Amino acid sequence: MKYFEPTSIDEAVAILAREDDARCVSGGATLVAMMNADLLSPSTLVGLRRVSGIEGITKNQQGLRIGAMTTHATIAKSGLFVAGMNVINRAANQIAHPPIRNMGTIGGSISHADPAADFPTALIAANASIEVSGMDGQRLIPADEFFLGYYETAVAENEFVTAILVPKGPENAVGEHVKVTRVDGDFATVSVSLVLAFNENQCSYARIAVGAVAATPLHLDEADAVLTDSALTDEDIDNAAALLVKASDPIDDVRGSANYRRALIPRLLKRAVSLLKTDA
Ligand SMILES: Cc1cc2nc3c(=O)[nH]c(=O)nc-3n(C[C@H](O)[C@H](O)[C@H](O)COP(=O)(O)OP(=O)(O)OC[C@H]3O[C@@H](n4cnc5c(N)ncnc54)[C@H](O)[C@@H]3O)c2cc1C
């Protein structure tokens with residue numbers, strides 16, 4: 001197996017284009033475990049840890065730029081995730097346990113595209129975009145269009161994820177991520193990421209994403225619309241959740257049955273709304 005450690009985005013892209021069956025390695029938390037289990041045996045690994053400009057969180061006029069190599073722990077500890085962007089920080093805090101949060105990177109997490117992972121829903125609720133780099137330069141993919149199926153993304157073969165761009169969103173927004181797990185630190189049986197803004201007692205903005213109930217994170221404009229301009233009564237939440245349940249396509253697996261997952265959607269949505277009403 002060949003191993004490269006490029007120092008620039010251009011160099012990394014050139015290696016990905018030149019070498020057959022090349023894969024990026026970021027934190028290695030998932031990739032190395034899969035290689036150890038003989039699930040993957042790439043002929044070339046491209047280590048991203050020395051690539052400049054793809055690590056850390058920077059604030060700009062539009063919001064935040066999170067480099068792909070930023071670890072979950074760095075995101076979890078950062079104070080830059082204000083207003084609705086906080087949904088990302090809340091998700092990072094609930095991923096696995098400290099050793100994994102120190103190893104795993106946001107770029108690696110979303111590239112792996114596990115439907116039970118925490119960042120995919122959080123990035124959709126935050127209305128983020130994913131920056132990918134390839135031979136033709138960079139392009140932005142809305143988080144809503146990034147996840148295509150189980151472990152499948154819109155990143156082309158010779159491209160890799162270099163950053164996540166998070167818009168500020170409404171100034172008075174608040175964000176929350178809630179999940180049900182079998183045991184502490186596990187992947188979600190079901191998760192809900194939610195961003196809300198309030199105008200007095202009315203909800204003026206809502207964006208909901210549900211994880212682990214389909215091959216990709218579930219986001220419906222119609223469900224957001226039910227909560228927007230509502231008083232967020234139990235009935236409003238049940239109506240929004242009913243649309244999400246109808247659109248979901250959960251599986252039975254070790255973490256829970258499809259029926260259990262459907263039943264969790266309204267409960268988690270209510271929990272997230274109630275936490276945000278307290279924060280607002
Ligand atoms: C025990 C355990 C528990 C976990 N629990 C949770 C949990 O509760 N919630 C959760 O969300 N996650 C969980 N995870 C996943 C973990 O948090 C990381 O997100 C995951 O390991 C991937 O990040 P990484 O940086 O280690 O990626 P890697 O393992 O390095 O790579 C993962 C995949 O992405 C590709 N890749 C990596 N970086 C890029 C890039 N920049 N561009 C394109 N492709 C890239 C690799 O080729 C590989 O296919 C858990 C993992 C473990 C091992």
# chains A, B, ... in the order shown; residues from 1 in each chain; ligands from 1
>>> residues_around(residues="Ala92 (chain A)", least_positions_apart="3", cutoff="6 Å", atoms="only C-alpha atoms", output="ChimeraX atom specification")
/A:72,76,89,95
>>> select_by_dssp(residues="region 14-227 of chain A", states="alpha helix (DSSP H)", output="PyMOL selection string")
chain A and resi 14-18+31-36+72-77+86-93+98-103+106-112+119-125+143-146+221-227
>>> residues_around(residues="Asp234 (chain A)", least_positions_apart="2", cutoff="12 Å", atoms="only C-alpha atoms", output="PyMOL selection string")
chain A and resi 226-227+230-232+236-242+266-267+269-271+273-274
>>> select_by_dssp(residues="region 157-277 of chain A", states="strand (DSSP E or B)", output="count of residues only")
39
>>> residues_around(residues="Ile66 (chain A)", least_positions_apart="6", cutoff="7 Å", atoms="only C-alpha atoms", output="list in words")
Gly56, Ile57, Thr58, Ala163, Ile164 and Leu165 of chain A
>>> write_last_selection(atoms="all heavy atoms", output="PDB file, in the first residue's frame")
ATOM      1  N   GLY A  56      -9.247  24.001  11.541  1.00  0.00           N
ATOM      2  CA  GLY A  56      -9.590  25.124  12.416  1.00  0.00           C
ATOM      3  C   GLY A  56     -10.880  25.817  11.978  1.00  0.00           C
ATOM      4  O   GLY A  56     -11.403  25.579  10.882  1.00  0.00           O
ATOM      5  N   ILE A  57     -11.383  26.676  12.879  1.00  0.00           N
ATOM      6  CA  ILE A  57     -12.660  27.358  12.642  1.00  0.00           C
ATOM      7  C   ILE A  57     -12.388  28.848  12.521  1.00  0.00           C
ATOM      8  O   ILE A  57     -11.748  29.429  13.395  1.00  0.00           O
ATOM      9  CB  ILE A  57     -13.623  27.114  13.827  1.00  0.00           C
ATOM     10  CG1 ILE A  57     -13.729  25.608  14.121  1.00  0.00           C
ATOM     11  CG2 ILE A  57     -15.004  27.707  13.562  1.00  0.00           C
ATOM     12  CD1 ILE A  57     -14.274  25.298  15.501  1.00  0.00           C
ATOM     13  N   THR A  58     -12.836  29.461  11.430  1.00  0.00           N
ATOM     14  CA  THR A  58     -12.649  30.908  11.289  1.00  0.00           C
ATOM     15  C   THR A  58     -13.998  31.587  11.075  1.00  0.00           C
ATOM     16  O   THR A  58     -14.888  31.042  10.422  1.00  0.00           O
ATOM     17  CB  THR A  58     -11.706  31.249  10.113  1.00  0.00           C
ATOM     18  OG1 THR A  58     -12.077  30.460   8.998  1.00  0.00           O
ATOM     19  CG2 THR A  58     -10.257  30.984  10.437  1.00  0.00           C
ATOM     20  N   ALA A 163     -13.715  21.973   3.444  1.00  0.00           N
ATOM     21  CA  ALA A 163     -14.286  22.840   4.497  1.00  0.00           C
ATOM     22  C   ALA A 163     -15.793  22.729   4.541  1.00  0.00           C
ATOM     23  O   ALA A 163     -16.425  22.192   3.619  1.00  0.00           O
ATOM     24  CB  ALA A 163     -13.902  24.298   4.249  1.00  0.00           C
ATOM     25  N   ILE A 164     -16.348  23.250   5.613  1.00  0.00           N
ATOM     26  CA  ILE A 164     -17.801  23.357   5.767  1.00  0.00           C
ATOM     27  C   ILE A 164     -18.096  24.825   6.034  1.00  0.00           C
ATOM     28  O   ILE A 164     -17.466  25.435   6.914  1.00  0.00           O
ATOM     29  CB  ILE A 164     -18.309  22.487   6.940  1.00  0.00           C
ATOM     30  CG1 ILE A 164     -18.171  20.999   6.584  1.00  0.00           C
ATOM     31  CG2 ILE A 164     -19.780  22.763   7.247  1.00  0.00           C
ATOM     32  CD1 ILE A 164     -16.909  20.383   6.941  1.00  0.00           C
ATOM     33  N   LEU A 165     -18.990  25.415   5.260  1.00  0.00           N
ATOM     34  CA  LEU A 165     -19.338  26.826   5.431  1.00  0.00           C
ATOM     35  C   LEU A 165     -20.709  26.917   6.090  1.00  0.00           C
ATOM     36  O   LEU A 165     -21.682  26.330   5.598  1.00  0.00           O
ATOM     37  CB  LEU A 165     -19.367  27.543   4.077  1.00  0.00           C
ATOM     38  CG  LEU A 165     -18.119  27.394   3.206  1.00  0.00           C
ATOM     39  CD1 LEU A 165     -18.193  28.322   2.002  1.00  0.00           C
ATOM     40  CD2 LEU A 165     -16.841  27.684   3.979  1.00  0.00           C
TER      41      LEU A 165
END
>>> residues_around(residues="region 121-138 of chain A", least_positions_apart="4", cutoff="6 Å", atoms="only C-alpha atoms", output="PyMOL selection string")
chain A and resi 13+85+87-88+142-144+158-166+193-194+207-209+211+217
>>> atom_distance(atom1="atom 26 (O, counted along the ligand's line) of ligand 1", atom2="CA of Ala12 (chain A)")
17.8 Å
>>> residues_near_ligand(ligand="ligand 1", cutoff="6 Å", atoms="only C-alpha atoms and all ligand atoms", output="MDAnalysis selection string")
chainID A and resid 23:31 68 95:96 100 103:105 107:109 111:112 117:119 160:162 185:187
>>> atom_distance(atom1="CA of Gln94 (chain A)", atom2="CA of Glu152 (chain A)")
23.0 Å
>>> closest_residue(among="A:Ala37, A:Lys246, A:Arg255, A:Asp10", to="Val183 (chain A)", atoms="only C-alpha atoms")
A:Arg255
